[in-house]
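What follows is the content of target-v2.txt, which has compact mmCIF, C-alpha atoms:
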```
# COMPACT_ATOMS: atom_id res chain seq x y z
CA MET A 133 -78.07 93.71 20.20
CA ASP A 134 -77.86 96.44 17.64
CA ILE A 135 -79.86 95.53 14.50
CA THR A 136 -79.19 97.36 11.21
CA ILE A 137 -81.12 96.87 7.97
CA LEU A 138 -78.74 97.33 5.04
CA GLN A 139 -79.69 98.86 1.67
CA ASN A 140 -79.61 95.47 -0.04
CA GLY A 141 -82.17 94.12 2.46
CA TYR A 142 -79.65 92.10 4.46
CA VAL A 143 -79.80 92.57 8.22
CA ASP A 144 -76.74 92.87 10.47
CA GLY A 145 -76.77 92.11 14.17
CA LEU A 146 -74.01 93.32 16.51
CA PHE A 147 -73.86 91.51 19.84
CA THR A 148 -73.11 93.05 23.21
CA ASP A 149 -70.42 91.40 25.35
CA ARG A 150 -73.14 89.98 27.60
CA GLU A 151 -74.97 88.44 24.63
CA LEU A 152 -71.73 86.81 23.46
CA ARG A 153 -71.28 85.33 26.94
CA ASP A 154 -74.85 83.95 26.69
CA VAL A 155 -74.05 82.42 23.28
CA ASN A 156 -70.93 80.80 24.77
CA LEU A 157 -72.92 79.45 27.73
CA PHE A 158 -75.57 77.95 25.40
CA ALA A 159 -72.83 76.47 23.18
CA HIS A 160 -71.32 74.74 26.23
CA ARG A 161 -74.78 73.48 27.30
CA ARG A 162 -75.23 71.91 23.86
CA ASN A 163 -71.69 70.62 23.52
CA ASP A 164 -70.38 69.53 26.94
CA PRO A 165 -72.83 66.65 27.64
CA LYS A 166 -71.78 65.08 24.34
CA ILE A 167 -68.13 64.99 25.43
CA GLN A 168 -68.79 62.70 28.40
CA TYR A 169 -70.57 60.23 26.09
CA GLY A 170 -68.04 60.53 23.26
CA VAL A 171 -70.60 61.87 20.78
CA ARG A 172 -68.92 63.60 17.86
CA SER A 173 -70.58 65.83 15.28
CA GLN A 174 -71.10 64.38 11.82
CA ARG A 175 -70.48 67.77 10.22
CA VAL A 176 -67.60 68.17 7.79
CA ASP A 177 -65.19 70.72 9.24
CA GLU A 178 -61.45 70.21 9.43
CA LYS A 179 -60.63 73.47 11.24
CA ARG A 180 -63.28 73.85 13.95
CA GLY A 181 -64.36 71.63 16.80
CA ASP A 182 -67.92 70.96 17.88
CA LEU A 183 -67.93 73.78 20.46
CA GLU A 184 -66.94 76.33 17.80
CA ILE A 185 -69.53 74.91 15.39
CA ASN A 186 -72.20 75.24 18.09
CA ASP A 187 -71.07 78.80 18.86
CA THR A 188 -71.36 79.80 15.19
CA GLY A 189 -74.83 78.30 14.84
CA LEU A 190 -76.03 79.88 18.05
CA GLN A 191 -74.86 83.32 16.96
CA GLY A 192 -77.17 82.97 13.97
CA GLU A 193 -80.03 81.67 16.14
CA PHE A 194 -79.62 84.50 18.68
CA CYS A 195 -79.55 87.13 15.93
CA VAL A 196 -82.74 85.78 14.34
CA SER A 197 -84.30 85.55 17.81
CA ARG A 198 -83.65 89.23 18.51
CA TYR A 199 -84.78 90.35 15.05
CA LEU A 200 -88.07 88.41 15.12
CA GLU A 201 -88.55 88.79 18.89
CA VAL A 202 -88.90 85.05 19.52
CA PRO A 203 -87.15 82.96 22.18
CA VAL A 204 -84.15 80.77 21.45
CA ILE A 205 -85.09 77.11 21.92
CA GLN A 206 -82.82 75.85 24.68
CA GLU A 207 -83.59 72.12 24.61
CA SER A 208 -80.94 69.96 23.03
CA GLY A 209 -80.06 66.30 23.24
CA LEU A 210 -77.06 64.18 22.38
CA LYS A 211 -78.06 64.43 18.71
CA GLY A 212 -78.21 68.24 18.95
CA ASP A 213 -81.41 70.17 18.31
CA GLY A 214 -82.72 67.61 15.83
CA GLY A 215 -81.80 69.74 12.84
CA VAL A 216 -85.37 70.85 12.22
CA VAL A 217 -86.66 73.65 14.46
CA ASP A 218 -84.55 76.50 15.82
CA HIS A 219 -87.52 78.85 16.31
CA TRP A 220 -91.28 79.07 15.92
CA TYR A 221 -92.66 82.22 14.28
CA LYS A 222 -96.35 82.86 13.54
CA GLY A 223 -96.95 79.10 13.52
CA TYR A 224 -94.08 78.35 11.10
CA SER A 225 -91.09 76.21 12.01
CA LEU A 226 -87.82 78.04 11.33
CA GLN A 227 -84.37 76.63 10.82
CA VAL A 228 -81.35 78.93 10.90
CA LYS A 229 -78.32 78.04 8.77
CA THR A 230 -75.16 79.94 9.71
CA HIS A 231 -71.85 79.97 7.82
CA ASP A 232 -68.72 80.57 9.89
CA ARG A 233 -67.53 83.33 7.56
CA LEU A 234 -68.68 85.55 4.73
CA HIS A 235 -68.15 83.62 1.51
CA ARG A 236 -67.53 85.40 -1.77
CA HIS A 237 -70.57 83.69 -3.34
CA PRO A 238 -72.77 82.61 -0.42
CA TYR A 239 -75.48 80.00 -0.77
CA LEU A 240 -78.26 78.55 1.31
CA TYR A 241 -77.62 74.84 0.98
CA TYR A 242 -78.50 71.40 2.25
CA PRO A 243 -77.01 68.04 1.25
CA THR A 244 -80.33 67.24 -0.46
CA ALA A 245 -83.65 69.05 -0.88
CA ASP A 246 -85.17 66.50 1.53
CA ASP A 247 -82.89 67.80 4.31
CA PHE A 248 -84.82 71.11 4.30
CA LYS A 249 -87.36 70.01 6.92
CA ALA A 250 -88.65 73.23 8.51
CA ASP A 251 -91.30 75.43 6.91
CA ILE A 252 -88.76 78.24 6.50
CA THR A 253 -84.96 78.49 6.56
CA ILE A 254 -83.02 81.68 7.28
CA GLN A 255 -79.45 81.99 5.99
CA CYS A 256 -76.87 83.85 8.11
CA ALA A 257 -73.10 84.28 8.21
CA VAL A 258 -70.78 85.29 11.03
CA ILE A 259 -68.77 88.20 9.65
CA GLU A 260 -66.65 88.09 12.79
CA ARG A 261 -67.52 86.84 16.26
CA GLY A 262 -70.34 89.07 17.49
CA HIS A 263 -71.30 90.36 14.02
CA VAL A 264 -73.90 88.30 12.15
CA ARG A 265 -75.46 89.02 8.77
CA MET A 266 -78.92 87.64 7.96
CA PHE A 267 -79.18 87.30 4.17
CA GLY A 268 -82.82 86.33 3.95
CA TRP A 269 -85.23 83.43 4.03
CA LEU A 270 -86.96 80.83 1.86
CA SER A 271 -89.90 78.51 2.31
CA ARG A 272 -89.34 74.82 1.63
CA TRP A 273 -91.39 74.87 -1.59
CA MET A 274 -89.48 77.93 -2.92
CA PHE A 275 -86.18 76.19 -2.14
CA GLU A 276 -87.30 73.18 -4.18
CA GLU A 277 -88.18 75.49 -7.10
CA LEU A 278 -84.85 77.37 -7.06
CA ILE A 279 -82.23 74.74 -6.22
CA GLU A 280 -79.13 74.18 -8.29
CA MET A 281 -76.60 71.48 -7.47
CA HIS A 282 -73.02 72.38 -6.47
CA ASP A 283 -70.06 70.41 -5.16
CA PHE A 284 -67.99 72.40 -2.66
CA GLY A 285 -65.42 69.63 -2.38
CA TYR A 286 -67.29 67.19 -0.14
CA GLY A 287 -70.16 66.00 -2.33
CA SER A 288 -73.06 67.51 -4.20
CA ASN A 289 -75.40 69.92 -2.36
CA ALA A 290 -78.81 71.43 -3.15
CA CYS A 291 -78.14 75.20 -3.22
CA VAL A 292 -79.81 78.57 -3.72
CA PRO A 293 -77.69 81.75 -4.07
CA VAL A 294 -78.47 84.21 -1.24
CA GLN A 295 -79.37 86.87 -3.82
CA LEU A 296 -82.55 84.86 -4.51
CA LEU A 297 -83.67 84.71 -0.88
CA SER A 298 -86.63 86.79 0.32
CA ARG A 299 -85.73 89.84 2.38
CA MET A 300 -85.90 89.48 6.14
CA GLU A 301 -88.38 92.36 6.45
CA SER A 302 -90.90 90.40 4.36
CA LEU A 303 -90.83 87.60 6.94
CA LYS A 304 -92.16 90.02 9.55
CA SER A 305 -95.18 90.79 7.34
CA LEU A 306 -95.94 87.12 6.67
CA SER A 307 -99.45 86.08 7.73
CA SER A 308 -99.76 83.52 10.50
CA LYS A 309 -99.85 79.90 9.39
CA GLN A 310 -103.33 78.44 9.34
CA PRO A 311 -103.75 75.08 11.12
```

Translate the structure described by the file into structure tokens.
Amino acid sequence: MDITILQNGYVDGLFTDRELRDVNLFAHRRNDPKIQYGVRSQRVDEKRGDLEINDTGLQGEFCVSRYLEVPVIQESGLKGDGGVVDHWYKGYSLQVKTHDRLHRHPYLYYPTADDFKADITIQCAVIERGHVRMFGWLSRWMFEELIEMHDFGYGSNACVPVQLLSRMESLKSLSSKQP
């Protein structure tokens, strides 16, 4: 993967063909067992199926994995990855949120502040398949300080504009979490 740090502090990751095949394989591993049991995602998306949703999320997870040099967590059950931990970094639990496209005014958002369960969340967007942008990160307590409520057409969400996120490079200099 080719990683580029942009002037605004965002980080772009460009996947190789092999890495995209790995993402697709992982997406099938997460999605296919659910099909035989009739498990359907509870996410709101009228245009994409569960496999495409998994592929999008995994592109973000793989990009963060390469940038921070941490493994992608491969375990997943019928309820997905549990919605809490996508990676561990310096003792912190990380959750990666990935939009399926670059929005004009992107936000890091959860349905409620209580849905932010990891220590840190990283916001990404797939610019096009194989090109992911990492906007930045926030700790749970910073999210709670900065949230504003928005309704994107399917109910109110707790949101923070990506311009307020901490730069990815600052995550690398974060001290290890003390037990």

Check the smallest atom-to-atom distance from each of A:Met281, A:Met274, A:Val196, A:Leu138 to A:Gln255 using all atoms listed in the file, then report the winner. A:Val196

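Of the listed residues (A:Ser298, A:Tyr221, A:Cys291, A:Met266), A:Met266 comes nearest to A:Val143; the distances count only C-alpha atoms.
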
Min atom-atom distance to A:Pro311 from the set A:Gly223, A:Gly262, A:Pro293, A:Gly287, counting all atoms listed in the file, belongs to A:Gly223

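Atom to atom, atom CA of A:Gln191 and atom CA of A:Val264 stand 7.0 Å apart.
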
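Interatomic distance, atom CA of A:Lys309 against atom CA of A:Lys222: 6.2 Å.
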
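Note that atom CA of A:Asp134 and atom CA of A:Gly189 are 18.6 Å apart.
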
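Using only C-alpha atoms, the protein and nucleic acid residues lying no more than 7 Å from A:Ala290, apart from those fewer than 5 places from it along its own chain, are Tyr241, Tyr242, Pro243, Thr244, Ala245, Ile279, Glu280, Met281 and His282 of chain A.
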
If you keep C-alpha atoms, can you produce a file of those selected residues as a PDB file, keeping the file's coordinate frame?
```pdb
ATOM      1  CA  TYR A 241     -77.620  74.840   0.980  1.00  0.00           C
ATOM      2  CA  TYR A 242     -78.500  71.400   2.250  1.00  0.00           C
ATOM      3  CA  PRO A 243     -77.010  68.040   1.250  1.00  0.00           C
ATOM      4  CA  THR A 244     -80.330  67.240  -0.460  1.00  0.00           C
ATOM      5  CA  ALA A 245     -83.650  69.050  -0.880  1.00  0.00           C
ATOM      6  CA  ILE A 279     -82.230  74.740  -6.220  1.00  0.00           C
ATOM      7  CA  GLU A 280     -79.130  74.180  -8.290  1.00  0.00           C
ATOM      8  CA  MET A 281     -76.600  71.480  -7.470  1.00  0.00           C
ATOM      9  CA  HIS A 282     -73.020  72.380  -6.470  1.00  0.00           C
TER      10      HIS A 282
END
```

Test item: residues at most 12 Å from A:Phe194, only C-alpha atoms, excluding those fewer than 6 positions along its chain, as a ChimeraX atom specification: /A:133,135,145-148,151-156,158-159,186-188,200-206,218-219,228-230,256,258,262-266

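Comparing A:Phe248, A:Phe267, A:Tyr239, A:Tyr169 by their smallest distance to A:Tyr142, the closest is A:Phe267 (using all atoms listed in the file).
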
Give me the residues within 10 Å of A:Ile185 as a list in words, counting only C-alpha atoms and dropping any in the same chain fewer than 2 places off. Ala159, Asn163, Ser173, Arg175, Asp177, Lys179, Arg180, Gly181, Asp182, Leu183, Asp187, Thr188, Gly189, Leu190, Thr230, His231 and Asp232 of chain A

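Minimum atom-to-atom distance to A:Val294, evaluated using only C-alpha atoms, belongs to A:Pro238 out of A:Ile254, A:Pro238, A:Ile167, A:Phe275.
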
Of the candidates A:Leu234, A:Val292, A:Leu270, A:Leu226, which one gets nearest to A:Ala257 if we count all atoms listed in the file? A:Leu234

Within 8 Å of file point (-94.0, 71.5, 2.4), counting only C-alpha atoms, expressed as a PyMOL selection string: chain A and resi 251+272-273

Find the spatial neighbours of A:Arg299, counting all atoms listed in the file, within a cut-off of 7 Å - ignore same-chain residues fewer than 4 positions away - and output them as a ChimeraX atom specification. /A:141-142,268-269
